[in-house]
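> Structure in structure tokens, see below.
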Amino acid sequence: MNESIAEKRATVATLHDVVKRFGSTLALDHVDFEIGKGEILGLLGPNGAGKTTAIRALCGLIGVDSGAIDVFGTPQRPNLMEIKRRIGLVTQEITIFEDLSARENLQFFG
């Protein structure tokens, strides 16, 4: 079954005019980008450029001060489980919760 042109260009995630501050530190300064279906996006920049903050906001791990984030056509908010269930995230550092079993860690991060 062939996908239509509109389906191929479907937007999976959008950040529009996103601002995030940590105290007096501006981590995201009116960030805009869009990820289309089937697209691979790389975020490049020096330490402190906001790459991790953008990913954490996109995944709903943190909130933003202003702007809008949509993922799978739904406005992103921290702790919105319906979106989190559809996103896979591998952190830079090895992260496990020692008070959880191996199965529980896999379920949490999966």
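To be explicit about the labels: the chains of the structure tokens are called A, B, and onward in the order shown, and within each one the residues are counted from 1, while ligands get numbers from 1 in the order they are shown.
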Need to verify the contact set: A:Ile83, 9 Å, only C-alpha atoms, exclusion of same-chain residues closer than 2 positions in sequence. Can you return it as a PyMOL selection string?
chain A and resi 59-60+71-72+74+76+79-81+85-87
> Using the selection just defined, write its residues with all heavy atoms as an mmCIF file, in the first residue's frame.

data_model
loop_
_atom_site.group_PDB
_atom_site.id
_atom_site.type_symbol
_atom_site.label_atom_id
_atom_site.label_comp_id
_atom_site.auth_asym_id
_atom_site.auth_seq_id
_atom_site.Cartn_x
_atom_site.Cartn_y
_atom_site.Cartn_z
ATOM 1 N N CYS A 59 10.294 15.436 24.816
ATOM 2 C CA CYS A 59 9.829 14.178 25.402
ATOM 3 C C CYS A 59 8.886 14.375 26.586
ATOM 4 O O CYS A 59 8.350 13.403 27.116
ATOM 5 C CB CYS A 59 11.024 13.342 25.842
ATOM 6 S SG CYS A 59 12.016 12.758 24.466
ATOM 7 N N GLY A 60 8.698 15.601 27.025
ATOM 8 C CA GLY A 60 7.795 15.873 28.139
ATOM 9 C C GLY A 60 8.414 15.652 29.498
ATOM 10 O O GLY A 60 7.706 15.545 30.494
ATOM 11 N N VAL A 71 3.531 16.866 19.672
ATOM 12 C CA VAL A 71 4.115 15.578 19.340
ATOM 13 C C VAL A 71 2.969 14.654 18.940
ATOM 14 O O VAL A 71 1.996 14.513 19.691
ATOM 15 C CB VAL A 71 4.895 14.985 20.532
ATOM 16 C CG1 VAL A 71 5.528 13.657 20.159
ATOM 17 C CG2 VAL A 71 5.956 15.959 21.024
ATOM 18 N N PHE A 72 3.072 14.061 17.755
ATOM 19 C CA PHE A 72 2.018 13.203 17.220
ATOM 20 C C PHE A 72 0.668 13.917 17.198
ATOM 21 O O PHE A 72 -0.369 13.334 17.463
ATOM 22 C CB PHE A 72 1.915 11.890 18.009
ATOM 23 C CG PHE A 72 3.210 11.144 18.138
ATOM 24 C CD1 PHE A 72 3.771 10.902 19.380
ATOM 25 C CD2 PHE A 72 3.886 10.697 17.015
ATOM 26 C CE1 PHE A 72 4.969 10.210 19.504
ATOM 27 C CE2 PHE A 72 5.082 10.005 17.129
ATOM 28 C CZ PHE A 72 5.630 9.762 18.372
ATOM 29 N N THR A 74 -0.447 16.157 19.238
ATOM 30 C CA THR A 74 -0.971 16.463 20.575
ATOM 31 C C THR A 74 -0.051 17.464 21.258
ATOM 32 O O THR A 74 1.165 17.295 21.240
ATOM 33 C CB THR A 74 -1.031 15.169 21.432
ATOM 34 O OG1 THR A 74 -1.848 14.220 20.766
ATOM 35 C CG2 THR A 74 -1.597 15.450 22.815
ATOM 36 N N GLN A 76 2.291 18.912 23.807
ATOM 37 C CA GLN A 76 3.113 18.256 24.821
ATOM 38 C C GLN A 76 3.020 19.002 26.142
ATOM 39 O O GLN A 76 3.024 20.227 26.177
ATOM 40 C CB GLN A 76 4.567 18.202 24.352
ATOM 41 C CG GLN A 76 5.544 17.558 25.302
ATOM 42 C CD GLN A 76 5.254 16.109 25.615
ATOM 43 O OE1 GLN A 76 4.308 15.821 26.346
ATOM 44 N NE2 GLN A 76 6.060 15.211 25.094
ATOM 45 N N ASN A 79 4.740 15.065 31.888
ATOM 46 C CA ASN A 79 4.028 13.919 32.465
ATOM 47 C C ASN A 79 2.797 13.483 31.670
ATOM 48 O O ASN A 79 1.931 12.819 32.211
ATOM 49 C CB ASN A 79 3.659 14.176 33.931
ATOM 50 C CG ASN A 79 4.880 14.498 34.754
ATOM 51 O OD1 ASN A 79 5.897 13.815 34.650
ATOM 52 N ND2 ASN A 79 4.831 15.555 35.533
ATOM 53 N N LEU A 80 2.708 13.837 30.393
ATOM 54 C CA LEU A 80 1.603 13.376 29.553
ATOM 55 C C LEU A 80 1.951 11.979 29.048
ATOM 56 O O LEU A 80 2.741 11.820 28.128
ATOM 57 C CB LEU A 80 1.369 14.344 28.386
ATOM 58 C CG LEU A 80 0.180 14.044 27.486
ATOM 59 C CD1 LEU A 80 -1.128 14.071 28.281
ATOM 60 C CD2 LEU A 80 0.109 15.046 26.353
ATOM 61 N N MET A 81 1.380 10.972 29.661
ATOM 62 C CA MET A 81 1.772 9.587 29.409
ATOM 63 C C MET A 81 1.424 9.112 28.005
ATOM 64 O O MET A 81 2.131 8.279 27.449
ATOM 65 C CB MET A 81 1.145 8.668 30.451
ATOM 66 C CG MET A 81 1.743 8.853 31.842
ATOM 67 S SD MET A 81 3.557 8.763 31.898
ATOM 68 C CE MET A 81 3.833 7.078 31.406
ATOM 69 N N ARG A 85 4.480 7.188 26.010
ATOM 70 C CA ARG A 85 4.416 5.776 25.619
ATOM 71 C C ARG A 85 4.877 5.548 24.185
ATOM 72 O O ARG A 85 5.235 4.449 23.819
ATOM 73 C CB ARG A 85 2.988 5.264 25.780
ATOM 74 C CG ARG A 85 2.589 5.040 27.204
ATOM 75 C CD ARG A 85 1.183 4.428 27.293
ATOM 76 N NE ARG A 85 0.792 4.330 28.674
ATOM 77 C CZ ARG A 85 -0.084 5.144 29.262
ATOM 78 N NH1 ARG A 85 -0.672 6.088 28.576
ATOM 79 N NH2 ARG A 85 -0.368 5.004 30.534
ATOM 80 N N ARG A 86 4.865 6.589 23.383
ATOM 81 C CA ARG A 86 5.206 6.456 21.966
ATOM 82 C C ARG A 86 6.615 6.937 21.629
ATOM 83 O O ARG A 86 7.025 6.888 20.485
ATOM 84 C CB ARG A 86 4.193 7.243 21.140
ATOM 85 C CG ARG A 86 2.776 6.680 21.273
ATOM 86 C CD ARG A 86 1.782 7.440 20.451
ATOM 87 N NE ARG A 86 2.060 7.261 19.031
ATOM 88 C CZ ARG A 86 1.459 7.960 18.078
ATOM 89 N NH1 ARG A 86 0.558 8.870 18.391
ATOM 90 N NH2 ARG A 86 1.764 7.755 16.815
ATOM 91 N N ILE A 87 7.353 7.415 22.638
ATOM 92 C CA ILE A 87 8.699 7.939 22.406
ATOM 93 C C ILE A 87 9.721 7.025 23.075
ATOM 94 O O ILE A 87 9.565 6.644 24.227
ATOM 95 C CB ILE A 87 8.842 9.366 22.998
ATOM 96 C CG1 ILE A 87 7.937 10.332 22.261
ATOM 97 C CG2 ILE A 87 10.290 9.836 22.939
ATOM 98 C CD1 ILE A 87 7.947 11.731 22.852
#
> Among stretch 3-107 of chain A, which ones does DSSP place in strand (DSSP E or B), written as a ChimeraX atom specification?
/A:11-22,25-36,66-71,74-75
> For the residues in the current selection, export N, CA and C atoms as a short mmCIF file (atom, residue, chain, number, x, y, z; two decimals), in the first residue's frame.

data_model
loop_
_atom_site.label_atom_id
_atom_site.label_comp_id
_atom_site.auth_asym_id
_atom_site.auth_seq_id
_atom_site.Cartn_x
_atom_site.Cartn_y
_atom_site.Cartn_z
N THR A 11 3.86 15.63 9.92
CA THR A 11 4.72 16.13 10.98
C THR A 11 4.55 15.27 12.22
N VAL A 12 5.67 14.82 12.76
CA VAL A 12 5.66 14.00 13.97
C VAL A 12 5.81 14.89 15.21
N ALA A 13 6.65 15.92 15.11
CA ALA A 13 6.89 16.80 16.26
C ALA A 13 7.24 18.20 15.77
N THR A 14 6.78 19.19 16.53
CA THR A 14 7.06 20.58 16.23
C THR A 14 7.38 21.34 17.51
N LEU A 15 8.45 22.10 17.48
CA LEU A 15 8.74 23.07 18.53
C LEU A 15 8.58 24.43 17.90
N HIS A 16 7.75 25.28 18.49
CA HIS A 16 7.50 26.61 17.93
C HIS A 16 7.72 27.66 19.00
N ASP A 17 8.73 28.51 18.77
CA ASP A 17 9.01 29.66 19.62
C ASP A 17 9.22 29.26 21.09
N VAL A 18 9.91 28.15 21.31
CA VAL A 18 10.07 27.59 22.65
C VAL A 18 11.18 28.30 23.42
N VAL A 19 10.84 28.71 24.63
CA VAL A 19 11.78 29.37 25.55
C VAL A 19 11.81 28.58 26.85
N LYS A 20 13.01 28.33 27.33
CA LYS A 20 13.19 27.66 28.62
C LYS A 20 14.34 28.31 29.35
N ARG A 21 14.08 28.70 30.59
CA ARG A 21 15.11 29.28 31.45
C ARG A 21 15.30 28.41 32.68
N PHE A 22 16.52 28.36 33.15
CA PHE A 22 16.84 27.77 34.44
C PHE A 22 17.41 28.90 35.27
N THR A 25 19.63 31.62 33.58
CA THR A 25 20.26 31.02 32.39
C THR A 25 19.20 30.73 31.34
N LEU A 26 19.38 31.29 30.15
CA LEU A 26 18.48 31.04 29.03
C LEU A 26 18.97 29.81 28.29
N ALA A 27 18.23 28.70 28.41
CA ALA A 27 18.65 27.44 27.80
C ALA A 27 18.11 27.29 26.38
N LEU A 28 16.88 27.71 26.15
CA LEU A 28 16.27 27.68 24.81
C LEU A 28 15.73 29.08 24.51
N ASP A 29 16.18 29.65 23.42
CA ASP A 29 15.84 31.03 23.07
C ASP A 29 15.01 31.06 21.79
N HIS A 30 13.69 30.90 21.94
CA HIS A 30 12.75 30.94 20.82
C HIS A 30 13.11 29.90 19.74
N VAL A 31 13.20 28.65 20.16
CA VAL A 31 13.60 27.55 19.28
C VAL A 31 12.42 27.13 18.41
N ASP A 32 12.69 26.93 17.12
CA ASP A 32 11.71 26.44 16.16
C ASP A 32 12.33 25.31 15.36
N PHE A 33 11.68 24.15 15.33
CA PHE A 33 12.03 23.12 14.36
C PHE A 33 10.89 22.13 14.26
N GLU A 34 10.94 21.36 13.19
CA GLU A 34 9.88 20.41 12.89
C GLU A 34 10.53 19.09 12.48
N ILE A 35 9.94 17.99 12.91
CA ILE A 35 10.42 16.67 12.52
C ILE A 35 9.29 16.00 11.75
N GLY A 36 9.57 15.63 10.51
CA GLY A 36 8.58 14.97 9.68
C GLY A 36 8.66 13.46 9.82
N SER A 66 7.66 29.26 27.63
CA SER A 66 6.72 29.75 26.62
C SER A 66 6.97 29.02 25.32
N GLY A 67 6.04 29.19 24.40
CA GLY A 67 6.12 28.50 23.12
C GLY A 67 5.23 27.27 23.15
N ALA A 68 5.28 26.51 22.06
CA ALA A 68 4.42 25.34 21.94
C ALA A 68 5.21 24.15 21.39
N ILE A 69 4.89 22.98 21.93
CA ILE A 69 5.46 21.73 21.44
C ILE A 69 4.30 20.79 21.15
N ASP A 70 4.26 20.27 19.93
CA ASP A 70 3.26 19.27 19.56
C ASP A 70 4.01 18.00 19.17
N VAL A 71 3.53 16.87 19.67
CA VAL A 71 4.12 15.58 19.34
C VAL A 71 2.97 14.65 18.94
N THR A 74 -0.45 16.16 19.24
CA THR A 74 -0.97 16.46 20.57
C THR A 74 -0.05 17.46 21.26
N PRO A 75 -0.61 18.51 21.87
CA PRO A 75 0.24 19.45 22.62
C PRO A 75 0.97 18.73 23.75
#
> Could you state the separation of atom CA of A:Ala57 and atom CA of A:Pro78 in Å, given to one decimal place?
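These atoms are spaced 7.8 Å apart.
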> Among the residues of stretch 37-69 of chain A, find those DSSP assigns to helix (DSSP H, G or I) from the backbone and print them as a list in words.
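Matching residues for helix (DSSP H, G or I) in stretch 37-69 of chain A are Lys51, Thr52, Thr53, Ala54, Ile55, Arg56, Ala57 and Leu58 of chain A.
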> Just write the chosen residues, C-alpha atoms, as a CSV table (one decimal), in the first residue's frame.

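Final output, saved to part.csv:
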chain,number,residue,atom,x,y,z
A,51,LYS,CA,20.4,20.3,22.8
A,52,THR,CA,19.5,18.2,25.9
A,53,THR,CA,17.0,20.7,27.1
A,54,ALA,CA,15.2,20.7,23.7
A,55,ILE,CA,15.1,16.9,23.8
A,56,ARG,CA,13.9,16.7,27.4
A,57,ALA,CA,11.1,19.3,26.6
A,58,LEU,CA,10.2,17.4,23.4
> Would you mind telling me which residue in A:Gly23, A:Leu106, A:Val64, A:Lys37 lies nearest to A:Val90 when using only C-alpha atoms?
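For A:Val90, the nearest of the given residues is A:Leu106.
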> Just to confirm, what's the straight-line distance from atom CA of A:Gly38 to atom CA of A:Glu82 in Å (one decimal)?
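Result for atom CA of A:Gly38 versus atom CA of A:Glu82: 20.5 Å, one decimal.
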